[in-house]
Amino acid sequence: RIKNKKKNKSNNRGGGGRGYRVLDNRDSLPFEIQCITTKLLLDEGSNNNKNKNKNDKKKKETSLGEFQLDKSTNCGDVVQIGNVEYRVEKARCQYKYAGGQRFVMVRKILEVKETKRIEQEEVIKRAMEQTPTSVIVDSNDTNV
């Protein structure tokens with residue numbers, strides 16, 4: 001025999017539909033927005049260290065300020081600051097230990113890139129993937 005058992009709503013994890021308890025002020029924290037660029041580090045005369053890779057990348061971060069954004073802002077979202085549009089590349093949160101086996105969010109950080117820069121990087125990436133004979137670079141072309 002198969003019996004249908006009805007679950008009691010008070011036995012659910014939320015405890016009768018109360019939802020979750022907010023332990024910190026994470027929803028009201030502002031986002032710190034940092035504009036990131038990658039800079040290729042070429043071998044700058046230090047031939048002594050053979051372990052260095054010529055294509056090492058270093059991130060350069062510039063803070064654009066703190067802004068109140070929607071709490072669900074995440075990777076791939078487009079944020080407009082002034083007249084410039086940025087795309088969120090990485091969302092990070094920083095926590096501190098508050099004792100009693102819990103952590104409290106103290107900071108929310110969005111790493112963003114200008115949408116124009118992303119488009120330029122995609123054009124360059126596509127050009128690099130093509131065969132070397134089919135790529136023609138014009139020195140007067142400022143879009144690349």
# chains A, B, ... in the order shown; residues from 1 in each chain; ligands from 1
call {"tool": "residues_around", "arguments": {"residues": "A:Tyr86", "least_positions_apart": "4", "cutoff": "12 Å", "atoms": "only C-alpha atoms", "output": "ChimeraX atom specification"}}
result
/A:33-36,64,75-82,90,110-119
call {"tool": "closest_residue", "arguments": {"among": "A:Gln68, A:Asn74, A:Gln120, A:Asn25", "to": "A:Val106", "atoms": "only C-alpha atoms"}}
result
A:Asn25
call {"tool": "closest_residue", "arguments": {"among": "A:Glu121, A:Glu89, A:Gly100, A:Glu32", "to": "A:Gly65", "atoms": "only C-alpha atoms"}}
result
A:Glu32
call {"tool": "atom_distance", "arguments": {"atom1": "atom CA of A:Lys59", "atom2": "atom CA of A:Thr37"}}
result
5.8 Å
call {"tool": "residues_around", "arguments": {"residues": "A:Asp24", "least_positions_apart": "4", "cutoff": "12 Å", "atoms": "only C-alpha atoms", "output": "PyMOL selection string"}}
result
chain A and resi 20+28-29+95-98+102-107
call {"tool": "select_by_dssp", "arguments": {"residues": "stretch 72-138 of chain A", "states": "strand (DSSP E or B)", "output": "PyMOL selection string"}}
result
chain A and resi 78-81+84-97+103-114
